[in-house]
Structure formats: structure tokens, C-alpha cells
Amino acid sequence: MKRFSESLFTLIIITIIPLSLYADTEVSSDVSGEWTTDGSPYIATDQIVVPNGESLNIEAGVQVHFEDDYQFIIYGQLTAEGSEEDSIFFRSSEDDGIWGGLRFLNADRNTRLNCCVVTGGHNSG
């Protein structure tokens, strides 16, 4: 019985650990703070906004996916510092999909994006 318990425990650990390595994080509405690769990809399930007076820092290697035609609106400060080896990606959740794009509306003057890849975004108005 002890051997069965140990085998069952091992099977549970082997199943759970890989799932935790790929933890999708759903985001919507107002966002701020730090987005790290531990929570990537970040899935926008609605429009997301960095409010005036707030800041969002996105770590190199993070992916941000948009489930629909949602916009990412920046009033506050967005710092997205990727690297040539580890870019930050903004894209649709669907292959060849579109989303609402990035909009900088009176964004903080310290806002910066470096080594970011933005695909499928569009904007009107």
C-alpha cells in the first residue's frame, strides 16, 4: 500500500508541476504593477487600461494575447523592456486574428517600449 501511495503522489506531482509552468493570467479593465514571465501569457478578456497616475512594468519574454477586438489603452506609464534575445509580444489569441491595438492617450512621458513585437493590432477613431 505504501508503494501505491508513493506512486500516486509521484504521478500527481509530475502532472501538476508542468501545468504550473504555463500559467495563463487573465487580465481586464484597469491594470498596473508588474507582469512577469511567471504569469505569461497574459490574456486580455476585455479592454485593458493603464490609468493616469499608475504604471505597468512588463518583463522581457512576456506575451500579451487579446481574445477579441480589445484595445490596450495607456494613460499612465507603460514600461515594456524586452531584449533582442527575449522580446515582449502583443498579439491576438488567434492565429491571423486581430485586436484593438495599443493606444497612448496623454500617456506618461516616461512610457517606453523596447524590443517589443506588436502584430495584428488595429485602431480606428
# chains A, B, ... in the order shown; residues from 1 in each chain; ligands from 1

call {"tool": "select_by_dssp", "arguments": {"residues": "chain A", "states": "helix (DSSP H, G or I)", "output": "list in words"}}
result
Lys2, Arg3, Phe4, Ser5, Glu6, Ser7, Leu8, Phe9, Thr10, Leu11, Ile12, Ile13, Ile14, Thr15, Ile16, Ile17, Pro18, Leu19, Ser20, Leu21, Thr37, Asp38 and Gly39 of chain A

call {"tool": "write_last_selection", "arguments": {"atoms": "C-alpha atoms", "output": "PDB file, in the first residue's frame"}}
result
ATOM      1  CA  LYS A   2       2.884   2.348   0.781  1.00  0.00           C
ATOM      2  CA  ARG A   3       4.362   1.796  -2.678  1.00  0.00           C
ATOM      3  CA  PHE A   4       0.966   2.613  -4.275  1.00  0.00           C
ATOM      4  CA  SER A   5       0.728   5.865  -2.265  1.00  0.00           C
ATOM      5  CA  GLU A   6       4.238   6.859  -3.306  1.00  0.00           C
ATOM      6  CA  SER A   7       3.458   6.111  -6.969  1.00  0.00           C
ATOM      7  CA  LEU A   8       0.218   8.078  -6.797  1.00  0.00           C
ATOM      8  CA  PHE A   9       1.998  11.030  -5.180  1.00  0.00           C
ATOM      9  CA  THR A  10       4.703  10.957  -7.867  1.00  0.00           C
ATOM     10  CA  LEU A  11       2.078  10.855 -10.628  1.00  0.00           C
ATOM     11  CA  ILE A  12       0.256  13.854  -9.129  1.00  0.00           C
ATOM     12  CA  ILE A  13       3.479  15.870  -8.849  1.00  0.00           C
ATOM     13  CA  ILE A  14       4.505  15.017 -12.423  1.00  0.00           C
ATOM     14  CA  THR A  15       1.084  16.168 -13.647  1.00  0.00           C
ATOM     15  CA  ILE A  16       0.779  19.379 -11.611  1.00  0.00           C
ATOM     16  CA  ILE A  17       4.280  20.875 -11.949  1.00  0.00           C
ATOM     17  CA  PRO A  18       4.268  21.216 -15.769  1.00  0.00           C
ATOM     18  CA  LEU A  19       0.815  22.836 -15.632  1.00  0.00           C
ATOM     19  CA  SER A  20       2.089  25.472 -13.227  1.00  0.00           C
ATOM     20  CA  LEU A  21       4.930  26.334 -15.597  1.00  0.00           C
ATOM     21  CA  THR A  37       7.175  35.581 -17.288  1.00  0.00           C
ATOM     22  CA  ASP A  38       5.787  33.514 -14.392  1.00  0.00           C
ATOM     23  CA  GLY A  39       2.278  34.780 -15.269  1.00  0.00           C
TER      24      GLY A  39
END

call {"tool": "closest_residue", "arguments": {"among": "A:Ser92, A:Ser87, A:Gln77, A:Thr119", "to": "Leu105 of chain A", "atoms": "only C-alpha atoms"}}
result
A:Gln77

call {"tool": "residues_around", "arguments": {"residues": "Phe66 of chain A", "least_positions_apart": "2", "cutoff": "9 Å", "atoms": "only C-alpha atoms", "output": "ChimeraX atom specification"}}
result
/A:42-47,64,68-71,90-94,98-100

call {"tool": "closest_residue", "arguments": {"among": "A:Cys115, A:Tyr75, A:Asp24, A:Asp95", "to": "Ile58 of chain A", "atoms": "only C-alpha atoms"}}
result
A:Cys115

call {"tool": "closest_residue", "arguments": {"among": "A:Glu85, A:Gly120, A:Thr79, A:Ile74", "to": "Leu102 of chain A", "atoms": "only C-alpha atoms"}}
result
A:Ile74

call {"tool": "closest_residue", "arguments": {"among": "A:Gly53, A:Val117, A:Glu81, A:Ser32", "to": "His65 of chain A", "atoms": "only C-alpha atoms"}}
result
A:Val117

call {"tool": "closest_residue", "arguments": {"among": "A:Val62, A:Ile73, A:Leu113, A:Ile88", "to": "Val31 of chain A", "atoms": "only C-alpha atoms"}}
result
A:Ile73

call {"tool": "atom_distance", "arguments": {"atom1": "atom CA of Glu67 of chain A", "atom2": "atom CA of Asn110 of chain A"}}
result
28.3 Å

call {"tool": "atom_distance", "arguments": {"atom1": "atom CA of His122 of chain A", "atom2": "atom CA of Ile48 of chain A"}}
result
15.0 Å

call {"tool": "decode", "arguments": {"residues": "segment 50-72 of chain A", "atoms": "N, CA and C atoms", "output": "mmCIF file, in the first residue's frame"}}
result
data_model
loop_
_atom_site.group_PDB
_atom_site.id
_atom_site.type_symbol
_atom_site.label_atom_id
_atom_site.label_comp_id
_atom_site.auth_asym_id
_atom_site.auth_seq_id
_atom_site.Cartn_x
_atom_site.Cartn_y
_atom_site.Cartn_z
ATOM 1 N N VAL A 50 -4.064 51.177 -18.558
ATOM 2 C CA VAL A 50 -3.159 51.656 -17.520
ATOM 3 C C VAL A 50 -3.662 53.059 -17.171
ATOM 4 N N PRO A 51 -4.291 53.229 -16.004
ATOM 5 C CA PRO A 51 -4.891 54.516 -15.657
ATOM 6 C C PRO A 51 -3.850 55.621 -15.439
ATOM 7 N N ASN A 52 -4.290 56.847 -15.573
ATOM 8 C CA ASN A 52 -3.461 58.015 -15.283
ATOM 9 C C ASN A 52 -2.939 57.904 -13.855
ATOM 10 N N GLY A 53 -1.651 58.156 -13.675
ATOM 11 C CA GLY A 53 -1.045 58.090 -12.340
ATOM 12 C C GLY A 53 -0.595 56.696 -11.935
ATOM 13 N N GLU A 54 -0.885 55.686 -12.742
ATOM 14 C CA GLU A 54 -0.477 54.305 -12.455
ATOM 15 C C GLU A 54 0.620 53.892 -13.427
ATOM 16 N N SER A 55 1.314 52.797 -13.113
ATOM 17 C CA SER A 55 2.346 52.300 -14.014
ATOM 18 C C SER A 55 2.250 50.786 -14.129
ATOM 19 N N LEU A 56 2.640 50.294 -15.300
ATOM 20 C CA LEU A 56 2.712 48.858 -15.553
ATOM 21 C C LEU A 56 4.081 48.570 -16.146
ATOM 22 N N ASN A 57 4.808 47.668 -15.513
ATOM 23 C CA ASN A 57 6.111 47.212 -16.000
ATOM 24 C C ASN A 57 5.954 45.800 -16.540
ATOM 25 N N ILE A 58 6.380 45.591 -17.786
ATOM 26 C CA ILE A 58 6.294 44.275 -18.404
ATOM 27 C C ILE A 58 7.708 43.755 -18.614
ATOM 28 N N GLU A 59 7.972 42.598 -18.065
ATOM 29 C CA GLU A 59 9.295 41.967 -18.090
ATOM 30 C C GLU A 59 9.589 41.353 -19.471
ATOM 31 N N ALA A 60 10.849 41.305 -19.826
ATOM 32 C CA ALA A 60 11.281 40.658 -21.072
ATOM 33 C C ALA A 60 10.752 39.231 -21.131
ATOM 34 N N GLY A 61 10.294 38.822 -22.315
ATOM 35 C CA GLY A 61 9.802 37.463 -22.515
ATOM 36 C C GLY A 61 8.320 37.276 -22.287
ATOM 37 N N VAL A 62 7.638 38.303 -21.796
ATOM 38 C CA VAL A 62 6.196 38.201 -21.541
ATOM 39 C C VAL A 62 5.442 38.258 -22.863
ATOM 40 N N GLN A 63 4.345 37.507 -22.938
ATOM 41 C CA GLN A 63 3.437 37.567 -24.075
ATOM 42 C C GLN A 63 2.083 38.060 -23.591
ATOM 43 N N VAL A 64 1.505 38.979 -24.363
ATOM 44 C CA VAL A 64 0.174 39.504 -24.059
ATOM 45 C C VAL A 64 -0.715 39.152 -25.245
ATOM 46 N N HIS A 65 -1.758 38.353 -24.999
ATOM 47 C CA HIS A 65 -2.677 37.900 -26.043
ATOM 48 C C HIS A 65 -4.048 38.531 -25.825
ATOM 49 N N PHE A 66 -4.685 38.932 -26.902
ATOM 50 C CA PHE A 66 -6.001 39.558 -26.843
ATOM 51 C C PHE A 66 -7.026 38.605 -27.443
ATOM 52 N N GLU A 67 -8.065 38.263 -26.639
ATOM 53 C CA GLU A 67 -9.047 37.283 -27.063
ATOM 54 C C GLU A 67 -9.986 37.798 -28.147
ATOM 55 N N ASP A 68 -10.119 39.095 -28.264
ATOM 56 C CA ASP A 68 -11.073 39.663 -29.212
ATOM 57 C C ASP A 68 -10.536 41.016 -29.657
ATOM 58 N N ASP A 69 -11.386 41.846 -30.155
ATOM 59 C CA ASP A 69 -11.012 43.151 -30.700
ATOM 60 C C ASP A 69 -10.849 44.179 -29.569
ATOM 61 N N TYR A 70 -10.137 43.808 -28.520
ATOM 62 C CA TYR A 70 -9.953 44.677 -27.359
ATOM 63 C C TYR A 70 -8.729 45.562 -27.535
ATOM 64 N N GLN A 71 -8.804 46.766 -26.975
ATOM 65 C CA GLN A 71 -7.686 47.702 -27.026
ATOM 66 C C GLN A 71 -6.889 47.653 -25.738
ATOM 67 N N PHE A 72 -5.650 48.089 -25.843
ATOM 68 C CA PHE A 72 -4.782 48.304 -24.696
ATOM 69 C C PHE A 72 -4.539 49.807 -24.670
#
